[in-house]
>>> print(open('model17.txt').read())   # compact mmCIF, C-alpha atoms
# COMPACT_ATOMS: atom_id res chain seq x y z
CA CYS J 152 0.44 14.66 -1.07
CA THR J 153 -2.95 16.36 -0.74
CA ASP J 154 -1.49 19.26 1.26
CA ASP J 155 2.23 19.12 2.01
CA THR J 156 2.25 22.09 4.38
CA ALA J 157 -0.73 20.89 6.40
CA LEU J 158 0.66 17.35 6.67
CA ARG J 159 4.04 18.64 7.87
CA ALA J 160 2.23 20.66 10.53
CA ALA J 161 0.19 17.60 11.56
CA PHE J 162 3.34 15.50 11.92
CA ALA J 163 5.02 18.24 13.94
CA SER J 164 2.10 18.42 16.37
CA GLY J 165 1.44 14.62 16.26
CA PRO J 166 1.05 11.84 16.85
CA VAL J 167 -0.77 11.22 13.57
CA THR J 168 -2.75 8.02 12.99
CA ALA J 169 -2.02 6.66 9.50
CA TYR J 170 -3.09 3.60 7.56
CA CYS J 171 -2.28 1.64 4.44
CA GLY J 172 -4.37 -1.12 2.90
CA PHE J 173 -3.24 -4.37 1.28
CA ASP J 174 -5.70 -6.35 -0.81
CA PRO J 175 -5.53 -10.19 -0.71
CA THR J 176 -5.62 -10.58 -4.51
CA ALA J 177 -2.72 -13.06 -4.21
CA PRO J 178 -1.49 -15.42 -1.45
CA SER J 179 1.45 -13.11 -0.74
CA LEU J 180 2.57 -9.51 -0.79
CA HIS J 181 5.38 -8.67 -3.20
CA PHE J 182 8.42 -6.44 -3.05
CA GLY J 183 6.48 -3.44 -4.35
CA ASN J 184 4.15 -3.69 -1.34
CA PHE J 185 7.22 -3.66 0.88
CA VAL J 186 7.59 0.07 0.14
CA GLN J 187 4.37 0.78 2.04
CA LEU J 188 5.35 -1.47 4.94
CA VAL J 189 8.57 0.54 5.24
CA VAL J 190 6.57 3.81 5.16
CA LEU J 191 4.38 2.54 8.00
CA ARG J 192 7.44 1.34 9.94
CA ARG J 193 9.17 4.71 9.62
CA LEU J 194 6.01 6.52 10.71
CA GLN J 195 5.66 4.20 13.70
CA ARG J 196 9.28 4.69 14.73
CA ALA J 197 8.80 8.46 14.44
CA GLY J 198 6.17 8.28 17.19
CA HIS J 199 2.99 7.99 15.14
CA ARG J 200 0.25 5.35 15.31
CA VAL J 201 -0.13 3.10 12.27
CA ILE J 202 -2.93 0.84 11.08
CA CYS J 203 -2.30 -2.00 8.67
CA LEU J 204 -5.51 -2.88 6.81
CA VAL J 205 -5.98 -6.18 5.01
CA GLY J 206 -8.78 -5.89 2.46
CA GLY J 207 -11.05 -8.83 3.08
CA SER J 208 -13.88 -6.97 1.31
CA THR J 209 -11.98 -4.91 -1.26
CA GLY J 210 -10.06 -8.05 -2.22
CA LEU J 211 -13.35 -9.67 -3.21
CA ILE J 212 -13.88 -6.87 -5.77
CA GLY J 213 -10.41 -5.95 -6.97
CA ASP J 214 -8.97 -2.55 -7.81
CA PRO J 215 -9.66 -1.80 -11.50
CA ARG J 216 -6.70 -2.40 -13.77
CA PRO J 217 -6.28 -0.13 -16.82
CA THR J 218 -6.24 -3.14 -19.15
CA SER J 219 -8.87 -5.74 -18.27
CA GLU J 220 -11.36 -7.04 -15.72
CA ARG J 221 -10.02 -9.10 -12.84
CA VAL J 222 -11.12 -12.68 -12.22
CA LEU J 223 -13.00 -12.50 -8.93
CA LYS J 224 -11.62 -14.54 -6.02
CA SER J 225 -13.93 -16.89 -4.18
CA LYS J 226 -14.74 -15.90 -0.61
CA ASP J 227 -12.76 -18.88 0.72
CA GLU J 228 -9.74 -18.03 -1.42
CA ALA J 229 -9.80 -14.38 -0.36
CA ALA J 230 -10.15 -15.36 3.32
CA ALA J 231 -7.16 -17.69 3.06
CA ASN J 232 -5.10 -14.93 1.44
CA VAL J 233 -6.11 -12.52 4.23
CA GLU J 234 -4.69 -14.85 6.87
CA ARG J 235 -1.43 -15.28 4.95
CA ILE J 236 -1.00 -11.54 4.51
CA LYS J 237 -1.71 -10.90 8.20
CA SER J 238 1.17 -13.20 9.09
CA LEU J 239 3.43 -11.53 6.51
CA VAL J 240 3.08 -7.98 7.82
CA ARG J 241 3.64 -8.83 11.48
CA PRO J 242 7.47 -8.93 11.37
CA PHE J 243 7.71 -5.42 9.92
CA LEU J 244 5.68 -3.47 12.48
CA ASP J 245 5.45 -3.53 16.28
CA PHE J 246 1.98 -4.84 17.11
CA GLU J 247 2.84 -5.78 20.70
CA GLY J 248 4.26 -2.50 22.02
CA THR J 249 7.63 -4.10 22.78
CA ASP J 250 9.84 -2.01 20.45
CA ALA J 251 11.40 0.84 22.40
CA GLN J 252 11.56 2.94 19.20
CA CYS J 253 7.77 2.83 18.81
CA ALA J 254 5.50 4.89 21.04
CA HIS J 255 2.28 3.21 19.88
CA PRO J 256 1.56 -0.44 18.97
CA ALA J 257 0.44 -0.96 15.38
CA ILE J 258 -3.16 -2.03 14.71
CA LEU J 259 -4.20 -4.77 12.28
CA VAL J 260 -7.72 -4.64 10.80
CA ASN J 261 -9.81 -6.38 8.13
CA ASN J 262 -12.27 -4.20 6.24
CA LEU J 263 -14.67 -7.12 5.84
CA ASP J 264 -15.55 -6.61 9.52
CA TRP J 265 -17.39 -3.33 8.84
CA THR J 266 -18.37 -3.86 5.18
CA GLU J 267 -20.06 -7.27 5.39
CA PRO J 268 -22.81 -6.17 7.86
CA LEU J 269 -23.73 -3.23 5.60
CA SER J 270 -26.74 -3.86 3.32
CA ALA J 271 -26.66 -2.79 -0.32
CA LEU J 272 -29.40 -0.22 0.34
CA ASP J 273 -27.58 1.29 3.32
CA PHE J 274 -24.33 1.38 1.33
CA LEU J 275 -25.99 3.24 -1.56
CA ARG J 276 -27.89 5.64 0.72
CA GLU J 277 -25.11 6.38 3.22
CA ILE J 278 -21.99 6.20 1.03
CA GLY J 279 -23.02 6.27 -2.62
CA LYS J 280 -24.90 9.54 -2.30
CA HIS J 281 -21.63 11.40 -1.63
CA PHE J 282 -20.03 10.39 -4.96
CA ARG J 283 -20.49 12.03 -8.36
CA VAL J 284 -20.17 9.77 -11.39
CA ASN J 285 -18.59 12.51 -13.52
CA GLN J 286 -15.72 12.65 -11.01
CA MET J 287 -15.45 8.87 -10.67
CA ILE J 288 -15.00 8.31 -14.42
CA ARG J 289 -12.03 10.68 -14.46
CA LYS J 290 -9.97 8.28 -12.33
CA GLU J 291 -7.06 7.07 -14.47
CA ALA J 292 -7.78 3.32 -14.50
CA VAL J 293 -11.53 3.85 -14.94
CA ALA J 294 -11.02 6.29 -17.80
CA ALA J 295 -8.69 3.85 -19.56
CA ARG J 296 -11.21 1.03 -19.25
CA LEU J 297 -14.07 3.19 -20.52
CA GLU J 298 -12.05 3.81 -23.66
CA SER J 299 -11.38 0.09 -24.17
CA GLN J 300 -13.50 -2.50 -25.96
CA GLU J 301 -14.15 -4.38 -22.73
CA GLY J 302 -15.37 -1.40 -20.72
CA ILE J 303 -15.70 -1.76 -16.96
CA SER J 304 -18.20 -3.62 -14.80
CA TYR J 305 -20.23 -1.86 -12.12
CA THR J 306 -18.47 -4.16 -9.64
CA GLU J 307 -15.00 -2.76 -10.34
CA PHE J 308 -16.34 0.75 -10.91
CA SER J 309 -17.62 0.73 -7.31
CA TYR J 310 -14.22 -0.21 -5.86
CA GLN J 311 -13.26 3.37 -5.02
CA LEU J 312 -16.40 3.72 -2.86
CA LEU J 313 -15.31 0.73 -0.78
CA GLN J 314 -11.80 2.08 -0.26
CA ALA J 315 -13.20 5.50 0.62
CA LEU J 316 -15.47 3.83 3.18
CA ASP J 317 -12.37 2.34 4.82
CA PHE J 318 -10.87 5.79 5.39
CA LEU J 319 -14.16 7.08 6.81
CA HIS J 320 -14.51 4.10 9.17
CA LEU J 321 -10.91 4.36 10.38
CA TYR J 322 -11.33 8.09 10.97
CA GLN J 323 -14.46 7.46 13.01
CA ALA J 324 -13.07 4.47 14.94
CA TYR J 325 -9.43 5.47 15.45
CA GLY J 326 -9.09 9.14 14.52
CA CYS J 327 -7.07 8.15 11.43
CA THR J 328 -6.18 11.23 9.35
CA LEU J 329 -3.62 9.91 6.84
CA GLN J 330 -3.72 7.20 4.17
CA THR J 331 -0.57 6.15 2.32
CA GLY J 332 -0.18 4.20 -0.89
CA GLY J 333 1.61 3.89 -4.20
CA SER J 334 1.19 6.69 -6.72
CA ASP J 335 -1.13 4.51 -8.82
CA GLN J 336 -3.60 4.61 -5.90
CA TRP J 337 -4.00 8.40 -5.94
CA GLY J 338 -7.59 8.32 -7.21
CA ASN J 339 -8.69 5.86 -4.54
CA LEU J 340 -6.90 7.78 -1.80
CA THR J 341 -8.45 11.11 -2.73
CA ALA J 342 -11.89 9.48 -2.89
CA GLY J 343 -11.45 8.67 0.80
CA VAL J 344 -10.23 12.17 1.61
CA ASP J 345 -13.30 13.63 -0.10
CA LEU J 346 -15.71 11.26 1.65
CA VAL J 347 -14.34 12.03 5.12
CA HIS J 348 -14.60 15.74 4.37
CA LYS J 349 -18.21 15.46 3.15
CA VAL J 350 -19.41 13.28 6.04
CA GLU J 351 -17.36 14.64 8.95
CA GLY J 352 -16.44 18.12 7.73
CA VAL J 353 -12.72 17.64 8.46
CA SER J 354 -9.64 17.69 6.27
CA VAL J 355 -7.57 14.49 6.18
CA HIS J 356 -4.48 13.61 4.18
CA ALA J 357 -3.23 11.29 1.46
CA LEU J 358 0.44 10.59 0.79
CA THR J 359 1.79 8.52 -2.09
CA THR J 360 5.20 7.13 -2.95
CA PRO J 361 6.59 6.60 -6.45
CA LEU J 362 6.17 3.10 -7.84
CA LEU J 363 9.28 0.95 -7.79
CA THR J 364 10.29 -0.10 -11.29
CA ASP J 365 12.74 -2.73 -12.47
CA SER J 366 15.50 -2.17 -15.02
CA SER J 367 13.05 -2.40 -17.92
CA GLY J 368 10.82 0.31 -16.45
CA GLN J 369 8.04 -2.08 -15.38
CA LYS J 370 6.61 -1.75 -11.90
CA PHE J 371 7.05 -4.54 -9.38
CA GLY J 372 3.65 -6.16 -9.21
CA LYS J 373 1.55 -9.29 -9.43
CA SER J 374 0.08 -8.25 -12.76
CA GLU J 375 3.44 -7.63 -14.40
CA GLY J 376 4.74 -11.18 -14.09
CA ASN J 377 7.99 -10.12 -12.44
CA ALA J 378 6.94 -10.12 -8.79
CA VAL J 379 9.49 -10.85 -6.09
CA TRP J 380 7.24 -12.31 -3.40
CA LEU J 381 7.68 -11.80 0.34
CA SER J 382 6.53 -15.38 1.07
CA ALA J 383 9.34 -17.91 1.18
CA ASP J 384 7.16 -20.56 -0.46
CA MET J 385 6.62 -18.30 -3.52
CA THR J 386 10.10 -16.75 -3.79
CA SER J 387 12.74 -18.79 -2.00
CA PRO J 388 15.19 -17.01 0.32
CA TYR J 389 17.96 -18.00 -2.10
CA ALA J 390 16.14 -16.51 -5.11
CA PHE J 391 15.25 -13.40 -3.09
CA TYR J 392 18.89 -12.87 -2.10
CA GLN J 393 20.14 -13.49 -5.64
CA TYR J 394 17.64 -11.04 -7.10
CA PHE J 395 19.00 -8.14 -5.04
CA LEU J 396 22.57 -9.29 -5.42
CA ASN J 397 22.06 -8.73 -9.15
CA VAL J 398 20.44 -5.29 -8.95
CA GLU J 399 22.13 -2.89 -11.39
CA ASP J 400 24.47 -0.22 -10.04
CA ALA J 401 22.11 2.55 -11.17
CA SER J 402 19.36 1.36 -8.79
CA VAL J 403 21.13 -0.14 -5.81
CA LEU J 404 21.85 3.03 -3.84
CA THR J 405 18.24 4.19 -4.16
CA LEU J 406 17.01 0.81 -2.92
CA LEU J 407 19.42 0.92 0.02
CA LYS J 408 18.01 4.31 1.04
CA ILE J 409 14.42 3.07 0.80
CA PHE J 410 14.63 -0.35 2.37
CA THR J 411 17.46 -0.49 4.88
CA ASP J 412 17.95 1.08 8.29
CA LEU J 413 21.44 2.34 7.40
CA ASP J 414 22.15 5.90 8.48
CA GLN J 415 23.46 8.65 6.22
CA ALA J 416 27.09 8.10 7.16
CA GLN J 417 26.88 4.37 6.37
CA LEU J 418 25.17 5.07 3.06
CA ALA J 419 27.81 7.64 2.14
CA ALA J 420 30.58 5.14 2.88
CA ILE J 421 28.94 2.50 0.69
CA GLU J 422 28.43 5.03 -2.10
CA ALA J 423 32.11 5.98 -1.98
CA GLN J 424 33.14 2.32 -2.13
CA VAL J 425 30.86 1.70 -5.11
CA ALA J 426 32.47 4.63 -6.93
CA ALA J 427 36.00 3.43 -6.11
CA GLU J 428 35.56 -0.36 -6.43
CA PRO J 429 32.28 -1.19 -8.19
CA PHE J 430 33.49 -4.73 -8.98
CA ARG J 431 33.22 -5.68 -5.29
CA ARG J 432 29.42 -5.11 -5.41
CA THR J 433 29.42 -3.98 -1.79
CA ALA J 434 26.13 -2.15 -2.16
CA GLN J 435 24.37 -5.14 -3.71
CA ARG J 436 25.63 -7.51 -1.00
CA THR J 437 24.50 -5.10 1.72
CA LEU J 438 21.08 -4.71 0.12
CA ALA J 439 20.59 -8.45 -0.39
CA THR J 440 21.62 -9.21 3.20
>>> encode(input="model17.txt", output="structure tokens")
Amino acid sequence: CTDDTALRAAFASGPVTAYCGFDPTAPSLHFGNFVQLVVLRRLQRAGHRVICLVGGSTGLIGDPRPTSERVLKSKDEAAANVERIKSLVRPFLDFEGTDAQCAHPAILVNNLDWTEPLSALDFLREIGKHFRVNQMIRKEAVAARLESQEGISYTEFSYQLLQALDFLHLYQAYGCTLQTGGSDQWGNLTAGVDLVHKVEGVSVHALTTPLLTDSSGQKFGKSEGNAVWLSADMTSPYAFYQYFLNVEDASVLTLLKIFTDLDQAQLAAIEAQVAAEPFRRTAQRTLAT
């Protein structure tokens, strides 16, 4: 978190408007992305306003990976992925204002709407001037690529400017003061915090969550080859259920705390049963269901 004390105070005096972005680099979100959807859902149910951003523009560029350059999606492919992801996030948040637990309907936006009309000259003059290259090259993924044989293209190097622009636009349009993401997004999140501060003179917040890792220590993700997709046509409901039925005992209680709506008493009861009768796999069955 950029400033834990200040963010706690903002939540206490809320409501806070928060957002998280999802890039359409694949036709589906995966289980790792589900962490951020749960974060947004918990924020919404706590009385805050949440914005779900689908990256129609950032998905055309791709967040730099530490290892190699991405293969760019065509505009048609990215647009199709945007529509699929929009349909995927709808069940997890209240966009209609019908959930009694949620004080504010969620908002769904596409960053292509404000990026596409911007000319290259305007982008460089209005956004690029606020960034210092010596700071940009210290970002973890960028630094790793600069040390590699392949290097990094200007296209991917500029990604953090685009994500920072999103935070600035959402602050100006909706009063958004918090961006959430996985811990591997820290550099991109703080780029947005810095841009809002430089342009608007206000302090906004970034909050990250630890990356979910499987039993081998690899993160859940499209690039790791072990993704559990949220689309039924990419991971069947049967395969999805079986995957979590087979989660190891060491991880299952943590996953129950993250992903379910069970209260503390219910979680404590399951934990006691796991300790007494682990062979029944009560925790895994609850998680999978």
>>> axis_aligned_box(input="model17.txt", around="range 252-255 of chain J", padding_each_side="6 Å", output="AutoDock Vina command-line options")
--center_x 6.9 --center_y 3.9 --center_z 19.9 --size_x 21.3 --size_y 14.1 --size_z 14.2
>>> residues_around(input="model17.txt", residues="Thr168 in chain J", least_positions_apart="4", cutoff="9 Å", atoms="all atoms listed in the file", output="ChimeraX atom specification")
/J:199-202,322,325-330
>>> closest_residue(input="model17.txt", among="J:Asn232, J:Ser164, J:Gln252, J:Ser309", to="Ala197 in chain J", atoms="only C-alpha atoms")
J:Gln252
>>> atom_distance(input="model17.txt", atom1="CA of Arg296 in chain J", atom2="CA of Leu223 in chain J")
17.1 Å
>>> atom_distance(input="model17.txt", atom1="CA of Arg276 in chain J", atom2="CA of Lys290 in chain J")
22.3 Å
>>> closest_residue(input="model17.txt", among="J:Ala295, J:Leu316, J:Cys152, J:Val347", to="Arg216 in chain J", atoms="all atoms listed in the file")
J:Ala295
>>> closest_residue(input="model17.txt", among="J:Ala254, J:Leu362, J:Val260, J:Leu211", to="Leu194 in chain J", atoms="all atoms listed in the file")
J:Ala254
>>> closest_residue(input="model17.txt", among="J:Arg283, J:His181, J:Arg192, J:Lys224", to="Ile236 in chain J", atoms="all atoms listed in the file")
J:His181
>>> residues_around(input="model17.txt", residues="range 409-419 of chain J", least_positions_apart="2", cutoff="12 Å", atoms="all atoms listed in the file", output="JSON, numbers by chain")
{"J": [182, 183, 184, 185, 186, 187, 188, 189, 190, 192, 193, 196, 243, 360, 361, 362, 363, 395, 402, 403, 404, 405, 406, 407, 421, 422, 423, 424, 425, 426, 433, 434, 435, 437, 438, 439, 440]}
>>> residues_around(input="model17.txt", residues="His356 in chain J", least_positions_apart="6", cutoff="10 Å", atoms="only C-alpha atoms", output="list in words")
Cys152, Thr153, Asp154, Asp155, Ala157, Leu158, Ala161, Ala169, Cys327, Thr328, Leu329, Gln330, Thr331, Leu340, Thr341, Gly343, Val344 and Asp345 of chain J
>>> residues_near_point(input="model17.txt", point="(-0.3, -13.4, 1.7)", cutoff="9 Å", atoms="only C-alpha atoms", output="PyMOL selection string")
chain J and resi 175-181+231-240+381-382
>>> atom_distance(input="model17.txt", atom1="CA of Asp245 in chain J", atom2="CA of Val353 in chain J")
29.0 Å
>>> residues_near_point(input="model17.txt", point="(-11.9, -12.8, -14.3)", cutoff="12 Å", atoms="all atoms listed in the file", output="PyMOL selection string")
chain J and resi 176+211-213+215-216+219-225+303-304+306-307
>>> closest_residue(input="model17.txt", among="J:Ser299, J:Gln195, J:Asn339, J:Thr156", to="Leu313 in chain J", atoms="all atoms listed in the file")
J:Asn339
>>> closest_residue(input="model17.txt", among="J:Tyr170, J:Trp337, J:Phe274, J:Phe318", to="Ala257 in chain J", atoms="only C-alpha atoms")
J:Tyr170
>>> decode(input="model17.txt", residues="range 321-367 of chain J", atoms="C-alpha atoms", output="tab-separated table (two decimals), in the first residue's frame")
chain	number	residue	atom	x	y	z
J	321	LEU	CA	-10.84	7.92	-13.63
J	322	TYR	CA	-9.86	10.45	-10.96
J	323	GLN	CA	-11.04	13.30	-13.16
J	324	ALA	CA	-14.24	11.59	-14.34
J	325	TYR	CA	-15.33	9.70	-11.21
J	326	GLY	CA	-13.23	10.97	-8.30
J	327	CYS	CA	-11.42	7.60	-8.17
J	328	THR	CA	-8.68	7.64	-5.51
J	329	LEU	CA	-7.65	3.98	-5.22
J	330	GLN	CA	-6.26	1.44	-7.69
J	331	THR	CA	-5.89	-2.22	-6.73
J	332	GLY	CA	-3.88	-4.97	-8.38
J	333	GLY	CA	-1.55	-7.90	-7.90
J	334	SER	CA	1.84	-7.25	-6.33
J	335	ASP	CA	3.53	-7.65	-9.73
J	336	GLN	CA	1.66	-4.51	-10.84
J	337	TRP	CA	3.21	-2.25	-8.20
J	338	GLY	CA	5.31	-0.25	-10.68
J	339	ASN	CA	2.33	0.45	-12.93
J	340	LEU	CA	0.12	1.38	-9.99
J	341	THR	CA	2.61	3.84	-8.53
J	342	ALA	CA	3.10	5.40	-11.97
J	343	GLY	CA	-0.59	6.31	-11.86
J	344	VAL	CA	-0.35	7.61	-8.30
J	345	ASP	CA	2.56	9.85	-9.33
J	346	LEU	CA	0.79	11.13	-12.46
J	347	VAL	CA	-2.37	12.09	-10.56
J	348	HIS	CA	-0.26	13.90	-7.98
J	349	LYS	CA	1.71	15.82	-10.63
J	350	VAL	CA	-1.33	16.83	-12.69
J	351	GLU	CA	-3.96	17.36	-10.00
J	352	GLY	CA	-1.84	17.98	-6.91
J	353	VAL	CA	-3.70	15.36	-4.84
J	354	SER	CA	-2.59	12.17	-3.12
J	355	VAL	CA	-4.28	8.95	-4.28
J	356	HIS	CA	-3.68	5.36	-3.25
J	357	ALA	CA	-2.48	2.02	-4.58
J	358	LEU	CA	-3.16	-1.31	-2.88
J	359	THR	CA	-1.75	-4.66	-3.98
J	360	THR	CA	-2.45	-8.24	-2.99
J	361	PRO	CA	0.07	-11.09	-2.96
J	362	LEU	CA	0.12	-13.25	-6.08
J	363	LEU	CA	-1.58	-16.61	-5.75
J	364	THR	CA	0.85	-19.45	-6.35
J	365	ASP	CA	0.23	-23.13	-6.97
J	366	SER	CA	1.94	-25.98	-5.12
J	367	SER	CA	5.10	-25.62	-7.21
